[in-house]
Structures are given as C-alpha cells and as structure tokens.
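Asker: For reference, the structure I am asking about is given below.
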Amino acid sequence: MDSHKADRASCKKAWIAIVTALSCFLFYVLACVVSTPSWSPDCTKIAILVTPPGNEPDKFAIFTYDIATGERVLLDEVKADGLLSTPAWSPDGTWIAYYRVEPNAPAEIPPSDPNSALPRKQQASTKIGDDAGQSGSPEAGRLLSEENKMLPSVMFEFIEEFVKEKKETDLFDMKLMLIRPDGSGKKTLHTAAWVGKRGDEATLAFIIRPVWSKDCKRLFYVRGFEEHTYVGSIDISTGKTYAHLLTSAGISAVSPDGKWIASFLEDGTLVTARVDGSMCKYFRLDVEVEDDYLFFCGGGGLFWSLDSQHVFVVGKESTMHAVDIASGQTEQYADPDANNTAYYTVSSGGDKLYYLAGSEANEDGSPQGVLSLRYMNLRDRHTGTVFVLPQIPELSGGGDGGIFSISPNGKIVLLRTSIQDEHDITKSVLIFCDGKTQKTVETDRWLLKPLYSDSDLIFEEKLIGKWRGTDGEMFVAERGQGRTYKFTMIEEDQEHHSVANLVRLRDTMFMGVFFDESLLLEKDSSGSHLLPDIFIKIDQIEPKLLLQTMEYDEVARMQEKENGLPAQGPLEADYTFEGVRVQP
C-alpha cells in the first residue's frame with residue numbers, strides 16, 4: 001500500500017475513533033480514564049483523580065502533577081467502598097475542591113434542630129410552584145438544610161414522602177472538601193446527605209465536580225435524592241448554604257459575573273437561575289443535547305459568554321449553540337474550516353474557545369488538518385489553528401479510546417487513555433502534546449506504596465546464569481547497573497526482556513520487576529524506582545530455580561497480615577518457572 005494512503009487511512013481511523021467515543025458509553029467501561037483533569041490557573045499543573053484499571057474501581061486518589069518536572073503530590077485517597085470525585089482547582093490557584101465519601105460510613109438523619117425547617121421559597125418573576133417551600137416536617141428540614149432559593153415544590157414533596165415512608169434507600173454523607181495544591185490545609189467545608197443506592201455513587205466521581213465562582217467566594221455543589229438532583233452552593237466565608245435549581249445533567253456552569261447558574265433538566269431543557277433566587281428561566285431548545293458529552297467532558301458542553309449574557313451549549317455531533325438568556329434566541333457557532341470539532345475549552349480570559357478539529361489529510365499526503373487544536377474568538381468569531389497534533393499511535397495500536405482535555409491557555413492538549421505494552425499489560429496513561437513534543441506518563445503506578453526501601457536491596461550472585469524450564473522455556477539472568485539484574489524469558493521463540501531489583505521482605509526473597517528500565521534507574525521524589533510492575537517470588541535457586549509471579553497488591557496484602565509473608569523454600573505452588581541451570 002502507498003505510504004501516504006496508509007498514513008491518511010490510519011489518521012482518519014484515529015479521528016473517527018475519537019468522534020465515535022463522544023456518543024457512546026465507551027468511557028464508562030474505562031473507569032480509570034473517564035475523569036477529566038482540572039488545570040491550575042497558570043496551566044503548569046493538573047489536579048487529577050486516579051483509579052485502578054477496570055469499571056469497578058476499589059481505590060480513589062487525587063494528585064497534583066507538575067507537567068514540566070514530573071513531580072506529583074498525593075492530596076487524598078480512599079480505598080474500597082469510599083469515593084473521591086473529580087477535583088476542581090480554584091481560579092486563584094490557592095485551593096482544590098472535591099467530594100469525599102468515607103468507606104462504609106452510611107449517613108444518618110442529623111439530630112433534631114428546633115430551628116430546622118424547610119425554608120419558604122422566595123417569590124420570583126418566573127414562578128415554579130405556588131406551594132414550593134412550605135414549612136414541612138423537621139425530619140425533611142434536616143435532610144434539606146440549605147436555604148431554598150428556587151427549588152420547586154416537587155423536591156419538598158419527595159423528601160416528605162421519603163421521610164414518611166422511610167424508604168429502604170441508602171443514605172450516605174457527601175463531604176465537600178478543600179485542600180491546598182501542596183497537600184496542606186485539608187478541611188471539610190460542608191457535609192450533606194445523599195440519598196441513593198449504595199454502590200451507584202462511584203459514577204459521581206466521573207460525572208460531577210464542585211464549581212467555583214470566578215471570585216472564589218462561593219462553591220457550587222450537587223446533591224441527590226434518588227432520581228432528583230439539585231445544585232446548591234456555600235458561601236466560603238460564612239458557611240451559609242443555599243439551594244438553587246433542579247438539574248438532571250449533574251453539571252452546572254456559573255456566569256463570570258457570579259450572578260447566574262445554568263444546568264439542564266432531563267428533557268434537555270436549559271435552566272438558568274439568578275444566584276440570589278430572584279429569577280429562574282427555562283429554555284426549550286431546538287438543539288438536541290448529547291448527555292454523554294456533558295457527562296464525560298467535565299462540563300465542557302456548557303459554559304457562559306464573557307459578558308454573562310449567553311450560555312453556550314454543545315449539541316449532538318458536537319455542534320455549538322449560543323442561547324441569549326434575555327431573548328431566548330439560539331444561534332449556532334461553527335468553524336468554517338473544520339468538518340469535525342469536539343472538546344471545547346473556554347480560554348483563561350473567557351474571550352476564546354479552544355477545541356479539537358479533525359479532517360482528512362491533503363491529497364498529497366501531508367498531515368495538515370488531520371487532528372489539530374483550533375480556536376475561535378468569541379467576540380468576532382475569527383478562527384485559526386494553534387498547532388497540528390502529531391499522530392498518536394496509541395489510538396490505533398491497541399488503545400481503548402480515551403478523553404481529551406485542553407489547557408485554558410491553549411498550549412497543551414492532554415489525552416487520558418489506556419495502552420497495551422509489549423507484555424500485553426494494559427496501562428493507564430496521560431499523553432501531553434504541545435505541538436512540538438509529546439510526553440507519555442503512566443498513572444497506575446501512582447496508586448502503589450513502596451513495600452521496600454533502598455536499604456532493603458540485596459544482590460545474589462547465584463541468581464546469575466541460564467536455566468532451562470520443564471516446558472523448554474529459558475530463563476536468563478545477567479548483571480545490570482549497580483545492584484540490578486537484567487533477565488530474559490524465552491518461550492516459544494519469543495523473548496521478553498525486563499530489569500529487576502532483588503529484595504528480601506522479611507524472610508522471603510523477591511525480584512521487583514520493571515518492564516521499563518528507565519523507571520528503575522531514574523530516581524525521583526515519589527520513589528518510582530521502588531514501585532515495580534510485578535513481583536517474582538524466589539522460593540529456591542539451587543538445585544532448582546523455583547519462581548512464582550505475584551501481583552503487587554497480593555504481596556502488599558501478605559505483608560499486612562499478622563503472620564507476614566510465607567517462609568522461603570520449596571512449597572506446593574503453581575510456579576511460573578521451574579528449571580535447572582544449564583549455563584553459569
């Protein structure tokens with residue numbers, strides 16, 4: 001096949017995969033890459049939720065990551081049955097907000113408060129329900145603790161019914177947390193009950209995140225009561241909380257002037273409400289809203305204009321529309337030089353829109369326009385190209401899709417995806433591209449804790465040599481740099497090369513195996529050189545070499561047990577390798 005045609009075909013397939021991923025639940029399957037990052041105001045760092053591969057994560061951790069230096073800071077983590085949400089970096093860069101659910105900690109209805117009652121709804125120019133916000137029972141008032149600004153009566157009726165019938169529905173506390181980007185100053189800003197099925201809350205981690213007002217004085221959050229969800233807010237200085245509007249999308253957007261909040265109802269209706277509760281408007285749009293896009297693009301499908309007069313909505317097939325909140329008129333915005341656009345990001349100043357654009361390669365085979373970062377000036381609709389992305393082989397070479405994010409300064413495109421290495425191991429990665437260079441960072445190792453230190457490393461000369469296994473496979477161990485080993489496993493004429501450290505954990509000897517040698521040799525403050533991909537337990541070297549492969553978590557669990565690791569020696573085990581020496 002002609003090389004130019006092959007390049008065009010592969011690039012086109014990559015773009016088709018990207019666009020297709022916007023309209024399906026592929027991201028749900030890849031739980032480890034669903035969550036979009038939050039960029040620091042200067043776009044030099046990201047705050048990111050990391051989970052193990054798979055669609056039922058049993059661990060959540062939030063990190064900040066310095067793109068230039070590679071340094072990362074663990075902000076918070078929870079294990080099985082707990083939850084951390086996607087983080088949100090404050091516009092002034094001083095705080096990171098997120099949700100936290102404690103493991104195995106169901107909530108209880110708060111104790112009686114004589115002053116607690118469902119507050120009366122303030123009168124608004126657009127009425128929702130004449131009876132909304134009647135006093136209600138104290139129990140319902142304790143569940144809905146915010147001062148009601150604009151919630152309709154159906155919300156209170158549901159809560160009253162829930163309390164009256166004492167439905168067998170899980171109730172758990174959703175904590176709104178704040179922490180400094182360096183990991184200091186962690187505190188619980190607000191705790192509220194979430195009514196829903198225990199186990200379903202994991203989806204919250206990938207769909208919702210707190211939303212900051214531009215002046216950083218108010219933080220907006222989401223509360224759920226089974227099928228009903230509404231947006232609330234907290235005044236950070238006073239701790240006063242408010243309930244603003246119903247939502248079905250789980251996301252919201254705050255206007256730059258801080259006076260309006262926008263979200264969607266289940267039927268695609270756009271709802272905007274004054275933060276002070278004085279007005280609420282509903283817009284039945286001609287635009288068909290893509291729910292999956294809203295969920296999985298971190299709110300990139302709903303944002304405000306710089307003057308707070310228009311709400312931009314991304315519809316199906318990634319079409320973009322501006323809704324005038326005064327007149328209700330809708331106008332489509334389109335890039336005349338791009339056939340496919342996706343992943344919209346508002347610039348730091350609010351006057352530009354960045355997005356990815358894709359088209360086929362030119363007839364001469366040049367890659368221009370295959371996949372590019374473009375912008376639109378929202379004042380005059382002038383468009384242009386920031387840079388063309390290099391082809392990302394992971395998309396067409398074993399990856400399972402992913403999700404893009406664009407830095408608000410328009411200089412970096414980040415892809416979260418999963419790839420398979422030469423050992424057929426699926427890994428979660430971040431791929432950064434600035435138009436000139438491309439950097440790939442693995443994140444699964446971030447969740448590991450070192451099980452040994454540099455002082456625990458040993459070297460055993462007897463391990464060096466060549467062994468033939470009972471099934472004809474070969475194991476070759478050689479001396480590497482310092483106290484490291486290089487070894488090769490030869491099976492059915494296929495060679496697998498790795499590097500390893502030798503360590504003794506209590507009375508058991510292990511090889512800590514790294515598939516990427518650079519991770520073992522390049523020491524960093526996070527201790528990556530002490531976090532192997534797998535462990536190989538050495539039960540015996542002479543007269544037979546007996547090796548047993550063990551997963552990292554398996555070794556960690558064994559260390560936590562009271563009796564510790566099993567003693568070294570020939571045991572009845574399903575050995576990965578069992579062989580005799582054939583060459584010193």
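Chain labels follow the order of the structure tokens: the first chain is A, the next B, and so on; residue numbering restarts at 1 in every chain, and ligands are counted from 1 in their shown order.
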What parts of range 258-483 of chain A does DSSP call strand (DSSP E or B)? I'd like the answer as a PyMOL selection string.
Answerer: chain A and resi 260-264+270-274+280-283+289+302-304+310-315+320-324+330-333+340-346+352-358+371-377+383-388+402-406+413-420+426-433+438-442+457-458+465-469+474-479
Asker: Applying 12 Å and only C-alpha atoms, which residues near range 373-379 of chain A remain after dropping the ones on its own chain fewer than 3 positions away? List them as a compact mmCIF listing (two decimals) with N, CA and C atoms, in the first residue's frame.
Answerer:
# COMPACT_ATOMS: atom_id res chain seq x y z
N TRP A 304 -20.50 29.83 29.83
CA TRP A 304 -21.05 31.17 29.65
C TRP A 304 -20.14 32.03 28.78
N SER A 305 -20.78 33.04 28.17
CA SER A 305 -20.01 34.06 27.45
C SER A 305 -19.34 34.98 28.45
N LEU A 306 -18.36 35.73 27.98
CA LEU A 306 -17.60 36.62 28.86
C LEU A 306 -18.49 37.68 29.50
N ASP A 307 -19.53 38.15 28.77
CA ASP A 307 -20.40 39.19 29.30
C ASP A 307 -21.58 38.64 30.11
N HIS A 310 -24.91 35.15 27.44
CA HIS A 310 -25.22 33.98 26.62
C HIS A 310 -24.69 32.71 27.29
N PHE A 312 -23.49 28.94 26.25
CA PHE A 312 -23.11 28.10 25.12
C PHE A 312 -23.41 26.65 25.46
N MET A 320 -22.15 23.61 18.29
CA MET A 320 -22.14 24.56 19.39
C MET A 320 -23.17 25.66 19.15
N HIS A 321 -23.92 25.99 20.19
CA HIS A 321 -25.01 26.95 20.07
C HIS A 321 -24.95 27.92 21.24
N ALA A 322 -25.26 29.19 20.95
CA ALA A 322 -25.30 30.23 21.98
C ALA A 322 -26.75 30.61 22.24
N TYR A 333 -22.81 28.43 16.37
CA TYR A 333 -21.46 28.86 16.08
C TYR A 333 -20.75 27.70 15.39
N ALA A 334 -20.09 27.98 14.29
CA ALA A 334 -19.42 26.92 13.54
C ALA A 334 -18.10 27.42 12.99
N ASP A 335 -17.13 26.54 12.94
CA ASP A 335 -15.83 26.82 12.34
C ASP A 335 -15.92 26.45 10.86
N PRO A 336 -15.83 27.41 9.96
CA PRO A 336 -15.98 27.10 8.53
C PRO A 336 -14.85 26.25 7.97
N ASP A 337 -13.73 26.18 8.68
CA ASP A 337 -12.57 25.45 8.17
C ASP A 337 -12.38 24.10 8.86
N ALA A 338 -13.39 23.64 9.60
CA ALA A 338 -13.27 22.36 10.30
C ALA A 338 -14.55 21.56 10.11
N ASN A 340 -15.09 18.52 11.67
CA ASN A 340 -15.40 17.86 12.94
C ASN A 340 -14.75 18.64 14.07
N THR A 341 -15.53 18.98 15.08
CA THR A 341 -14.98 19.68 16.24
C THR A 341 -15.46 19.00 17.52
N ALA A 342 -14.66 19.06 18.55
CA ALA A 342 -15.01 18.42 19.82
C ALA A 342 -14.12 18.94 20.93
N TYR A 343 -14.50 18.68 22.18
CA TYR A 343 -13.72 19.01 23.37
C TYR A 343 -13.47 20.52 23.48
N TYR A 344 -14.53 21.26 23.68
CA TYR A 344 -14.44 22.71 23.79
C TYR A 344 -13.91 23.12 25.16
N THR A 345 -13.04 24.13 25.17
CA THR A 345 -12.49 24.68 26.40
C THR A 345 -12.48 26.19 26.31
N VAL A 346 -13.02 26.87 27.32
CA VAL A 346 -13.00 28.32 27.35
C VAL A 346 -11.62 28.78 27.79
N SER A 347 -11.10 29.79 27.11
CA SER A 347 -9.77 30.30 27.44
C SER A 347 -9.75 30.93 28.81
N GLY A 349 -8.99 33.86 29.68
CA GLY A 349 -9.59 35.19 29.69
C GLY A 349 -11.07 35.19 29.35
N GLY A 350 -11.60 34.05 28.87
CA GLY A 350 -13.00 33.95 28.56
C GLY A 350 -13.40 34.47 27.20
N ASP A 351 -12.44 34.96 26.40
CA ASP A 351 -12.78 35.54 25.11
C ASP A 351 -12.51 34.60 23.94
N LYS A 352 -11.91 33.44 24.20
CA LYS A 352 -11.62 32.48 23.15
C LYS A 352 -12.17 31.10 23.52
N LEU A 353 -12.36 30.33 22.48
CA LEU A 353 -12.78 28.95 22.65
C LEU A 353 -11.76 28.08 21.95
N TYR A 354 -11.21 27.10 22.67
CA TYR A 354 -10.29 26.13 22.08
C TYR A 354 -11.01 24.81 21.88
N TYR A 355 -10.66 24.09 20.84
CA TYR A 355 -11.31 22.82 20.55
C TYR A 355 -10.44 22.03 19.59
N LEU A 356 -10.70 20.72 19.53
CA LEU A 356 -10.02 19.86 18.57
C LEU A 356 -10.83 19.80 17.29
N ALA A 357 -10.12 19.81 16.18
CA ALA A 357 -10.77 19.74 14.87
C ALA A 357 -10.10 18.65 14.06
N GLY A 358 -10.89 17.91 13.32
CA GLY A 358 -10.33 16.83 12.52
C GLY A 358 -10.84 16.86 11.11
N SER A 359 -10.00 16.47 10.18
CA SER A 359 -10.38 16.33 8.78
C SER A 359 -9.40 15.37 8.13
N GLN A 368 -1.46 17.96 7.40
CA GLN A 368 -2.09 19.18 7.88
C GLN A 368 -3.60 18.99 8.01
N GLY A 369 -4.13 19.36 9.17
CA GLY A 369 -5.56 19.30 9.40
C GLY A 369 -6.08 17.94 9.80
N VAL A 370 -5.22 16.91 9.92
CA VAL A 370 -5.69 15.59 10.34
C VAL A 370 -6.30 15.67 11.73
N HIS A 382 -13.58 34.98 14.72
CA HIS A 382 -12.39 34.66 13.92
C HIS A 382 -11.82 33.32 14.39
N THR A 383 -11.44 32.47 13.46
CA THR A 383 -10.92 31.14 13.79
C THR A 383 -9.50 30.97 13.28
N GLY A 384 -8.79 30.04 13.87
CA GLY A 384 -7.43 29.76 13.43
C GLY A 384 -6.91 28.48 14.06
N THR A 385 -5.74 28.06 13.63
CA THR A 385 -5.10 26.84 14.14
C THR A 385 -3.98 27.21 15.09
N VAL A 386 -3.97 26.58 16.25
CA VAL A 386 -2.88 26.77 17.22
C VAL A 386 -1.71 25.88 16.84
N PHE A 387 -1.97 24.58 16.69
CA PHE A 387 -0.95 23.65 16.19
C PHE A 387 -1.61 22.36 15.75
N VAL A 388 -0.90 21.63 14.92
CA VAL A 388 -1.36 20.33 14.44
C VAL A 388 -0.77 19.26 15.35
N LEU A 389 -1.62 18.36 15.82
CA LEU A 389 -1.13 17.29 16.69
C LEU A 389 -0.43 16.22 15.87
N PRO A 390 0.67 15.70 16.39
CA PRO A 390 1.28 14.55 15.72
C PRO A 390 0.37 13.34 15.87
N PHE A 404 -10.04 13.66 25.88
CA PHE A 404 -9.11 14.76 25.71
C PHE A 404 -9.43 15.89 26.69
N SER A 405 -8.43 16.71 26.95
CA SER A 405 -8.59 17.94 27.72
C SER A 405 -7.61 18.96 27.17
N ILE A 406 -8.06 20.20 27.06
CA ILE A 406 -7.23 21.27 26.51
C ILE A 406 -6.96 22.29 27.61
N SER A 407 -5.71 22.70 27.78
CA SER A 407 -5.38 23.69 28.79
C SER A 407 -6.03 25.03 28.44
N PRO A 408 -6.52 25.78 29.43
CA PRO A 408 -7.21 27.04 29.15
C PRO A 408 -6.34 28.10 28.47
N ASN A 409 -5.01 27.95 28.49
CA ASN A 409 -4.18 28.89 27.75
C ASN A 409 -3.94 28.45 26.31
N GLY A 410 -4.52 27.31 25.93
CA GLY A 410 -4.45 26.85 24.55
C GLY A 410 -3.09 26.36 24.11
N LYS A 411 -2.26 25.92 25.05
CA LYS A 411 -0.91 25.50 24.68
C LYS A 411 -0.67 23.99 24.78
N ILE A 412 -1.52 23.27 25.50
CA ILE A 412 -1.30 21.84 25.72
C ILE A 412 -2.59 21.07 25.48
N VAL A 413 -2.48 19.95 24.80
CA VAL A 413 -3.58 19.00 24.67
C VAL A 413 -3.21 17.75 25.46
N LEU A 414 -4.11 17.30 26.30
CA LEU A 414 -3.87 16.12 27.14
C LEU A 414 -4.87 15.04 26.78
N CYS A 433 0.74 16.91 24.75
CA CYS A 433 1.27 17.36 23.46
C CYS A 433 1.18 18.88 23.39
N ASP A 434 2.30 19.52 23.05
CA ASP A 434 2.29 20.98 22.91
C ASP A 434 2.52 21.42 21.47
N GLY A 435 2.38 20.49 20.54
CA GLY A 435 2.58 20.80 19.13
C GLY A 435 3.98 20.52 18.65
Asker: Taking the DSSP assignment computed from this structure's backbone, write out as a ChimeraX atom specification all residues of range 355-549 of chain A that belong to alpha helix (DSSP H).
Answerer: /A:393-396,517-521
Asker: With N, CA and C atoms retained, write the just-selected residues as a compact mmCIF listing (two decimals), in the first residue's frame.
Answerer:
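Output (out31.txt):
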# COMPACT_ATOMS: atom_id res chain seq x y z
N PRO A 393 0.02 7.09 18.05
CA PRO A 393 -0.12 5.69 17.66
C PRO A 393 -0.96 4.87 18.62
N GLU A 394 -1.05 5.31 19.90
CA GLU A 394 -1.80 4.51 20.87
C GLU A 394 -3.27 4.40 20.50
N LEU A 395 -3.80 5.39 19.78
CA LEU A 395 -5.21 5.36 19.42
C LEU A 395 -5.54 4.25 18.43
N SER A 396 -4.57 3.93 17.57
CA SER A 396 -4.82 2.91 16.55
C SER A 396 -3.99 1.67 16.77
N GLU A 517 13.09 0.05 31.91
CA GLU A 517 14.34 0.17 32.66
C GLU A 517 14.54 1.58 33.19
N SER A 518 14.05 2.59 32.48
CA SER A 518 14.28 3.97 32.90
C SER A 518 13.65 4.26 34.26
N LEU A 519 12.53 3.61 34.58
CA LEU A 519 11.87 3.82 35.86
C LEU A 519 12.72 3.31 37.01
N LEU A 520 13.50 2.28 36.75
CA LEU A 520 14.35 1.70 37.79
C LEU A 520 15.59 2.55 38.04
N LEU A 521 16.10 3.18 36.98
CA LEU A 521 17.37 3.89 37.08
C LEU A 521 17.20 5.37 37.45
Asker: Quick one, how far is CA of Val78 in chain A from CA of Arg100 in chain A?
Answerer: 8.5 Å
Asker: Within 10 Å of Val275 in chain A, counting only C-alpha atoms, which residues qualify if same-chain residues fewer than 3 places away don't, as a list in words?
Answerer: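 Everything that qualifies: Lys149, Met150, Gly232, Ser233, Tyr242, Ala243, His244, Leu245, Val254, Ser255, Gly258, Lys259, Trp260, Ile261, Ala262, Thr272, Ser278, Met279 and Cys280 of chain A.
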Asker: Write the residues you've just listed into a file as a CSV table (one decimal), in the first residue's frame, and include C-alpha atoms for each of them.
Answerer:
chain,number,residue,atom,x,y,z
A,149,LYS,CA,-33.7,30.0,46.6
A,150,MET,CA,-35.6,28.4,43.7
A,232,GLY,CA,-26.6,24.1,45.9
A,233,SER,CA,-23.8,26.5,47.0
A,242,TYR,CA,-28.3,27.7,49.5
A,243,ALA,CA,-30.4,25.5,47.2
A,244,HIS,CA,-30.7,27.0,43.7
A,245,LEU,CA,-32.2,24.8,40.9
A,254,VAL,CA,-21.6,29.8,36.8
A,255,SER,CA,-21.6,33.0,34.9
A,258,GLY,CA,-21.3,35.3,39.5
A,259,LYS,CA,-25.0,36.2,39.2
A,260,TRP,CA,-26.3,33.2,37.2
A,261,ILE,CA,-26.2,29.4,37.4
A,262,ALA,CA,-27.1,27.2,34.5
A,272,THR,CA,-30.8,29.4,34.3
A,278,SER,CA,-34.9,36.4,42.2
A,279,MET,CA,-35.4,34.8,38.8
A,280,CYS,CA,-35.4,31.5,37.1
Asker: Rounded to one decimal, what separation in Å do you get between CA of Leu83 in chain A and CA of Tyr98 in chain A?
Answerer: 10.3 Å
Asker: Tell me which of A:Gly301, A:Gly579, A:Pro450, A:Gly472 sits closest to Leu531 in chain A, counting only C-alpha atoms.
Answerer: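 Counting only C-alpha atoms, the residue closest to Leu531 in chain A is A:Pro450.
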